[in-house]
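What's in upload36.tsv: TSV, C-alpha atoms
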chain	number	residue	atom	x	y	z
A	13	MET	CA	45.47	12.80	304.03
A	14	TRP	CA	47.08	10.69	301.38
A	15	THR	CA	48.54	11.28	297.94
A	16	TYR	CA	48.43	8.45	295.41
A	17	GLU	CA	51.60	7.48	293.54
A	18	LYS	CA	50.89	6.05	290.12
A	19	LYS	CA	53.36	3.18	290.34
A	20	LEU	CA	53.66	-0.20	292.01
A	21	GLN	CA	56.17	-0.44	294.83
A	22	TYR	CA	57.54	-3.52	293.06
A	23	PRO	CA	56.86	-4.47	289.40
A	24	VAL	CA	54.41	-7.24	288.41
A	25	ARG	CA	54.75	-8.77	284.92
A	26	ILE	CA	53.10	-12.17	284.59
A	27	LYS	CA	53.26	-13.69	281.10
A	28	ASN	CA	50.90	-16.62	281.64
A	29	PRO	CA	47.40	-16.23	283.08
A	30	ASN	CA	46.57	-18.81	285.76
A	31	PRO	CA	43.11	-18.41	287.30
A	32	ALA	CA	43.58	-21.38	289.67
A	33	LEU	CA	46.52	-19.56	291.26
A	34	ALA	CA	44.62	-16.24	291.36
A	35	LYS	CA	41.94	-17.99	293.41
A	36	LEU	CA	44.55	-18.71	296.10
A	37	ILE	CA	46.54	-15.46	295.99
A	38	ILE	CA	43.36	-13.36	296.41
A	39	SER	CA	43.63	-14.28	300.11
A	40	GLN	CA	46.45	-11.75	300.44
A	41	VAL	CA	44.05	-9.04	299.28
A	42	GLY	CA	41.04	-9.84	301.47
A	43	GLY	CA	41.91	-12.82	303.65
A	44	PRO	CA	42.34	-12.75	307.45
A	45	ASP	CA	46.07	-11.97	307.21
A	46	GLY	CA	45.97	-10.12	303.90
A	47	GLU	CA	47.17	-6.65	302.99
A	48	MET	CA	43.78	-4.96	303.44
A	49	SER	CA	43.65	-6.32	306.95
A	50	ALA	CA	47.20	-5.09	307.64
A	51	SER	CA	46.72	-1.55	306.37
A	52	SER	CA	43.37	-1.13	308.19
A	53	ARG	CA	44.80	-2.48	311.42
A	54	TYR	CA	47.86	-0.19	311.50
A	55	LEU	CA	46.20	2.98	310.27
A	56	GLN	CA	43.24	2.59	312.66
A	57	GLN	CA	45.45	1.83	315.66
A	58	ARG	CA	47.02	5.26	315.42
A	59	TYR	CA	44.32	7.21	317.24
A	60	SER	CA	44.84	5.45	320.56
A	61	MET	CA	48.63	5.16	320.29
A	62	PRO	CA	50.19	7.19	323.13
A	63	ASP	CA	53.71	7.34	321.65
A	64	ARG	CA	54.07	9.68	318.66
A	65	ARG	CA	57.08	7.77	317.37
A	66	VAL	CA	54.94	4.63	317.12
A	67	VAL	CA	52.20	6.64	315.39
A	68	GLY	CA	54.86	7.53	312.80
A	69	MET	CA	55.74	3.86	312.32
A	70	LEU	CA	52.07	2.84	312.03
A	71	THR	CA	51.50	5.60	309.46
A	72	ASP	CA	54.50	4.68	307.32
A	73	VAL	CA	54.01	0.90	307.49
A	74	GLY	CA	50.21	1.23	307.07
A	75	THR	CA	50.73	3.36	303.98
A	76	GLU	CA	53.15	0.81	302.52
A	77	GLU	CA	50.52	-1.89	303.12
A	78	LEU	CA	48.03	0.10	301.02
A	79	GLY	CA	50.61	-0.20	298.25
A	80	HIS	CA	50.78	-3.94	298.86
A	81	ILE	CA	47.01	-4.30	298.30
A	82	GLU	CA	47.75	-2.84	294.89
A	83	ILE	CA	50.66	-5.21	294.16
A	84	VAL	CA	48.60	-8.32	295.06
A	85	SER	CA	45.62	-6.95	293.12
A	86	ALA	CA	47.91	-6.44	290.11
A	87	ILE	CA	48.95	-10.12	290.40
A	88	ILE	CA	45.26	-11.17	290.39
A	89	TYR	CA	44.47	-8.82	287.50
A	90	GLN	CA	47.27	-10.23	285.36
A	91	LEU	CA	46.61	-13.88	286.28
A	92	THR	CA	42.97	-13.59	285.18
A	93	ARG	CA	43.28	-11.75	281.88
A	94	ASN	CA	42.05	-13.12	278.52
A	95	LEU	CA	40.25	-16.12	280.01
A	96	THR	CA	37.82	-18.31	278.10
A	97	PRO	CA	34.74	-19.88	279.75
A	98	GLU	CA	36.43	-23.31	279.33
A	99	GLU	CA	39.56	-22.17	281.20
A	100	ILE	CA	37.39	-20.66	283.94
A	101	LYS	CA	35.47	-23.92	284.43
A	102	LYS	CA	38.53	-26.17	284.24
A	103	SER	CA	40.57	-24.10	286.72
A	104	GLY	CA	37.92	-23.94	289.44
A	105	PHE	CA	37.86	-20.14	289.11
A	106	ASP	CA	34.17	-20.47	288.17
A	107	VAL	CA	32.97	-20.18	291.77
A	108	TYR	CA	34.63	-16.75	292.03
A	109	PHE	CA	33.79	-15.71	288.47
A	110	VAL	CA	30.05	-16.18	288.93
A	111	ASP	CA	29.88	-13.36	291.49
A	112	HIS	CA	32.80	-11.10	290.55
A	113	THR	CA	33.73	-11.88	286.90
A	114	THR	CA	37.39	-10.78	286.81
A	115	GLY	CA	36.97	-7.88	289.23
A	116	VAL	CA	39.35	-7.98	292.21
A	117	TYR	CA	37.07	-8.54	295.21
A	118	PRO	CA	38.62	-8.60	298.69
A	119	THR	CA	38.02	-12.13	299.90
A	120	ALA	CA	39.83	-15.03	301.51
A	121	ALA	CA	40.73	-17.99	299.27
A	122	SER	CA	38.04	-19.96	301.13
A	123	GLY	CA	35.41	-17.55	299.78
A	124	PHE	CA	34.90	-15.78	303.10
A	125	PRO	CA	34.66	-12.05	302.27
A	126	PHE	CA	36.99	-9.47	303.83
A	127	SER	CA	36.09	-9.08	307.49
A	128	ALA	CA	37.15	-6.62	310.18
A	129	ALA	CA	36.51	-9.39	312.72
A	130	GLY	CA	40.19	-10.30	312.87
A	131	LEU	CA	41.56	-6.75	313.20
A	132	GLY	CA	43.30	-6.04	316.49
A	133	ILE	CA	42.43	-2.48	317.47
A	134	LYS	CA	42.33	-2.74	321.24
A	135	GLY	CA	43.24	0.81	322.26
A	136	ASP	CA	46.19	-0.41	324.33
A	137	VAL	CA	49.79	0.00	323.22
A	138	ILE	CA	51.07	-3.42	324.31
A	139	ALA	CA	48.04	-5.32	323.02
A	140	ASP	CA	48.05	-3.49	319.68
A	141	LEU	CA	51.78	-3.76	318.96
A	142	THR	CA	51.79	-7.44	319.98
A	143	ASP	CA	48.91	-7.97	317.57
A	144	ASP	CA	50.95	-6.24	314.83
A	145	LEU	CA	53.90	-8.55	315.44
A	146	ALA	CA	51.58	-11.56	315.12
A	147	ALA	CA	49.93	-10.08	312.02
A	148	GLU	CA	53.28	-9.75	310.23
A	149	GLN	CA	54.21	-13.35	311.07
A	150	LYS	CA	50.83	-14.68	309.95
A	151	ALA	CA	51.13	-12.78	306.67
A	152	ARG	CA	54.65	-14.17	306.24
A	153	VAL	CA	53.34	-17.74	306.72
A	154	THR	CA	50.58	-17.10	304.15
A	155	TYR	CA	53.22	-15.97	301.64
A	156	ASP	CA	55.29	-19.07	302.54
A	157	ASN	CA	52.24	-21.22	301.75
A	158	LEU	CA	51.54	-19.40	298.47
A	159	ILE	CA	55.20	-19.77	297.46
A	160	ARG	CA	54.91	-23.53	298.10
A	161	LEU	CA	51.94	-23.68	295.73
A	162	THR	CA	53.49	-21.56	292.94
A	163	ASP	CA	55.98	-22.62	290.29
A	164	ASP	CA	55.72	-19.63	287.94
A	165	PRO	CA	58.84	-17.43	288.40
A	166	ASP	CA	56.87	-14.35	287.27
A	167	VAL	CA	54.52	-14.84	290.26
A	168	LEU	CA	57.19	-16.01	292.72
A	169	ASP	CA	59.20	-12.82	292.23
A	170	PRO	CA	56.65	-10.34	293.68
A	171	LEU	CA	55.49	-12.91	296.29
A	172	LYS	CA	59.05	-13.19	297.60
A	173	PHE	CA	59.36	-9.41	297.74
A	174	LEU	CA	56.14	-9.16	299.76
A	175	ARG	CA	57.25	-11.96	302.08
A	176	GLU	CA	60.47	-10.07	302.82
A	177	ARG	CA	58.47	-6.97	303.72
A	178	GLU	CA	56.56	-8.91	306.39
A	179	ILE	CA	59.87	-9.78	308.03
A	180	VAL	CA	61.13	-6.18	307.93
A	181	HIS	CA	57.84	-4.85	309.34
A	182	PHE	CA	57.98	-7.44	312.13
A	183	GLN	CA	61.42	-6.09	313.04
A	184	ARG	CA	60.22	-2.46	312.98
A	185	PHE	CA	57.21	-3.25	315.20
A	186	ALA	CA	59.53	-5.09	317.61
A	187	ASP	CA	61.61	-1.86	317.73
A	188	SER	CA	58.41	0.09	318.35
A	189	LEU	CA	57.30	-2.11	321.24
A	190	ARG	CA	60.73	-1.93	322.87
A	191	MET	CA	61.13	1.82	322.50
A	192	THR	CA	57.72	2.55	323.94
A	193	GLN	CA	58.32	0.22	326.91
A	194	ASP	CA	61.64	1.99	327.51
A	195	THR	CA	59.68	5.16	328.29
A	196	PHE	CA	57.47	3.47	330.90
A	197	VAL	CA	58.06	4.90	334.37
A	198	ASP	CA	57.21	1.60	336.05
A	199	LYS	CA	59.40	-0.89	334.21
A	200	LYS	CA	58.51	-3.71	336.59
A	201	ASN	CA	54.87	-3.62	335.60
A	202	PHE	CA	54.03	-2.91	331.97
A	203	TYR	CA	50.39	-3.68	332.73
A	204	LEU	CA	49.96	-1.22	335.60
A	205	CYS	CA	47.61	0.94	333.55
A	206	ASN	CA	46.75	1.88	329.97
A	207	PRO	CA	48.46	5.16	329.00
A	208	SER	CA	45.89	5.66	326.22
A	209	PHE	CA	43.03	5.72	328.69
A	210	ASP	CA	43.89	5.93	332.40
A	211	LYS	CA	44.47	9.48	333.63
A	212	GLY	CA	47.76	9.98	335.48
A	213	CYS	CA	49.08	6.62	334.29
A	214	PRO	CA	52.77	6.56	335.34
A	215	ASN	CA	53.52	4.50	332.25
A	216	GLY	CA	53.13	7.72	330.35
A	217	CYS	CA	55.09	7.19	327.15
A	218	ARG	CA	53.71	10.56	326.00
A	219	ILE	CA	56.40	11.05	323.39
B	24	MET	CA	62.71	-3.84	278.57
B	25	THR	CA	61.47	-0.47	277.34
B	26	ASP	CA	63.16	2.85	278.17
B	27	ARG	CA	60.00	3.72	280.11
B	28	MET	CA	60.36	0.60	282.27
B	29	LYS	CA	64.05	1.33	282.87
B	30	ALA	CA	63.14	4.84	284.05
B	31	LEU	CA	60.28	3.51	286.21
B	32	GLY	CA	62.50	0.76	287.62
B	33	ASN	CA	64.98	3.42	288.68
B	34	VAL	CA	62.20	5.34	290.48
B	35	GLN	CA	61.00	2.14	292.19
B	36	GLU	CA	64.52	1.21	293.27
B	37	LYS	CA	65.45	4.61	294.72
B	38	CYS	CA	62.05	5.18	296.34
B	39	PHE	CA	62.20	1.75	297.95
B	40	ALA	CA	65.67	2.37	299.38
B	41	ALA	CA	64.55	5.73	300.80
B	42	HIS	CA	61.37	4.21	302.23
B	43	GLU	CA	63.27	1.37	303.89
B	44	ALA	CA	65.67	3.86	305.49
B	45	ASN	CA	62.68	5.92	306.60
B	46	LEU	CA	61.12	2.98	308.48
B	47	TYR	CA	64.45	2.35	310.20
B	48	LEU	CA	64.73	6.05	311.11
B	49	ASP	CA	61.22	5.98	312.63
B	50	ALA	CA	62.73	3.66	315.25
B	51	TYR	CA	66.28	5.08	315.33
B	52	PRO	CA	66.03	8.81	314.54
B	53	GLU	CA	69.39	9.51	316.17
B	54	ASP	CA	71.33	7.30	313.73
B	55	HIS	CA	73.20	9.93	311.70
B	56	GLU	CA	74.69	7.45	309.25
B	57	ALA	CA	71.18	6.21	308.39
B	58	LEU	CA	69.94	9.79	308.14
B	59	ASP	CA	72.70	10.67	305.65
B	60	TYR	CA	71.83	7.57	303.62
B	61	TYR	CA	68.14	8.52	303.68
B	62	ILE	CA	68.78	12.10	302.54
B	63	GLY	CA	71.09	10.94	299.72
B	64	MET	CA	68.62	8.30	298.57
B	65	GLN	CA	65.65	10.68	298.78
B	66	LYS	CA	67.56	13.08	296.50
B	67	GLN	CA	68.22	10.30	293.99
B	68	ALA	CA	64.56	9.24	294.19
B	69	GLN	CA	63.49	12.80	293.41
B	70	GLU	CA	65.86	12.99	290.42
B	71	ALA	CA	64.62	9.64	289.10
B	72	THR	CA	61.00	10.77	289.58
B	73	ASP	CA	61.62	14.10	287.80
B	74	PHE	CA	63.21	12.28	284.86
B	75	PHE	CA	60.34	9.81	284.59
B	76	GLU	CA	57.63	12.45	284.85
B	77	GLU	CA	59.22	14.71	282.23
B	78	HIS	CA	59.29	11.85	279.73
B	79	TYR	CA	56.29	9.67	280.61
B	80	GLY	CA	53.84	11.77	282.61
B	81	PRO	CA	52.98	12.53	286.25
B	82	LEU	CA	53.34	9.94	289.02
B	83	THR	CA	51.30	12.02	291.47
B	84	VAL	CA	48.38	14.31	290.75
B	85	LYS	CA	50.28	17.22	292.32
B	86	SER	CA	53.16	16.92	289.87
B	87	THR	CA	53.69	19.87	287.55
B	88	LYS	CA	56.14	17.99	285.32
B	89	GLY	CA	55.31	16.35	282.03
B	90	ASP	CA	52.03	16.19	280.17
B	91	ARG	CA	49.09	16.71	282.56
B	92	PHE	CA	46.78	14.68	280.30
B	93	LEU	CA	48.88	11.61	280.99
B	94	TRP	CA	47.79	11.55	284.66
B	95	THR	CA	44.73	9.62	283.56
B	96	LEU	CA	45.81	8.41	280.12
B	97	SER	CA	49.18	6.76	280.82
B	98	PRO	CA	49.00	3.05	281.75
B	99	TRP	CA	47.84	2.35	285.30
B	100	PRO	CA	50.27	0.45	287.52
B	101	TRP	CA	48.65	-3.01	287.29
B	102	GLU	CA	48.58	-3.05	283.47
B	103	MET	CA	51.23	-5.17	281.71
B	104	GLU	CA	52.09	-2.12	279.65
B	105	ALA	CA	53.11	-0.24	282.81
B	106	ASN	CA	55.48	-3.04	283.86
B	107	THR	CA	57.30	-3.96	280.65
So, in terms of structure tokens, how does the structure I just supplied come out?
Amino acid sequence: MWTYEKKLQYPVRIKNPNPALAKLIISQVGGPDGEMSASSRYLQQRYSMPDRRVVGMLTDVGTEELGHIEIVSAIIYQLTRNLTPEEIKKSGFDVYFVDHTTGVYPTAASGFPFSAAGLGIKGDVIADLTDDLAAEQKARVTYDNLIRLTDDPDVLDPLKFLREREIVHFQRFADSLRMTQDTFVDKKNFYLCNPSFDKGCPNGCRI
Amino acid sequence: MTDRMKALGNVQEKCFAAHEANLYLDAYPEDHEALDYYIGMQKQAQEATDFFEEHYGPLTVKSTKGDRFLWTLSPWPWEMEANT
């Protein structure tokens, strides 16, 4: 169960619309390493996570990522307000506009719609947490790339905040992986069995 | 910056600090210093939230503070008006 909070985690106030930039930043809503991908990955990994402490981390980080979908969507919303047909054509936003007008549709910048194909939900603690570490780094690189392509300080400010969060989450998932491995009975063989599936797996981590 | 934004900024700041401490505590629940920080910050976040809600309307649907009509009618978070 979730309760919505009617506020952004970090403020977004963009003075100048810029549809060309919106067309790129939309990738962090619905692209392969975007916020929708992150929140779905973490929240859906919880059911096969054998360590309750890690379930807590996935819940709290996954919930924050839902808030990040909203921050990036707010950036898109503000970058695409009050547009004229001429601005839409000139900026190259026309290819998005024709299907979605100025609605915020989860898609990659390339035009590929949001896909669950890239979500790592493997039902194995080591595979899933390693996927989460990679996901945070890939999202960080995407923010790095967006920051390279942005010169508006109003847009850079929330992008830099979101980039920082990827680094913090990477750290927290590294903590999670270590603490769950610390509970493994067989520390010489992390891959002996899958505690989420194999009965009597000595790598229990049932905490 | 409006008084509303100042009050909201205070909520965002305190809630963020508490949330950040919470993620750390998920991994290090035995860290008493971090726990004290979290409890203190959570209290400040609650005070900031109460102040905002009394003046500008509810931030969650469960809130009993402020004008209930503002749950739908106050600016939504992505609007410029909610951020300035």
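Here atom CA of A:Tyr22 is placed at a distance of 8.4 Å from atom CA of B:Glu36.
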Query - Of the listed residues A:Phe196, A:Tyr16, A:Phe105, A:Phe182, that which approaches chain B most closely, counting only C-alpha atoms - result: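 Ranked by minimum distance to chain B, first place goes to A:Tyr16.
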Practice task
Could you jot down the atom CA of A:Ala86 to atom CA of B:Trp101 separation for me, Å, one decimal place?
Solution key: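 Here the two named atoms are 4.5 Å from each other.
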Contact residues around A:Asp187 with all atoms listed in the file at 7 Å, ignoring same-chain residues under 4 positions, as a compact mmCIF listing (two decimals) with C-alpha atoms, keeping the file's coordinate frame:
# COMPACT_ATOMS: atom_id res chain seq x y z
CA GLN A 183 61.42 -6.09 313.04
CA MET A 191 61.13 1.82 322.50
CA ALA B 50 62.73 3.66 315.25
Counting only C-alpha atoms, what is within 12 Å of A:Val110, bar same-chain residues fewer than 6 positions away, as JSON, numbers by chain? {"A": [97, 100, 101, 104]}
Kindly indicate which residue among A:Asp198, A:Asp45, A:Glu176, A:Asp140 lies nearest to chain B, using only C-alpha atoms for the distances.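 Of the candidates, the smallest distance to chain B is held by A:Glu176.
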(request) Can you check which residues of chain A have any atom within 8 Å of chain B? Use all atoms listed in the file and format it as a ChimeraX atom specification. (result) /A:15-26,65-66,68-69,72-73,82-83,85-87,89-90,184,187-188,191
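What separates atom CA of B:Lys29 from atom CA of A:Ser51 is a distance of 29.3 Å.
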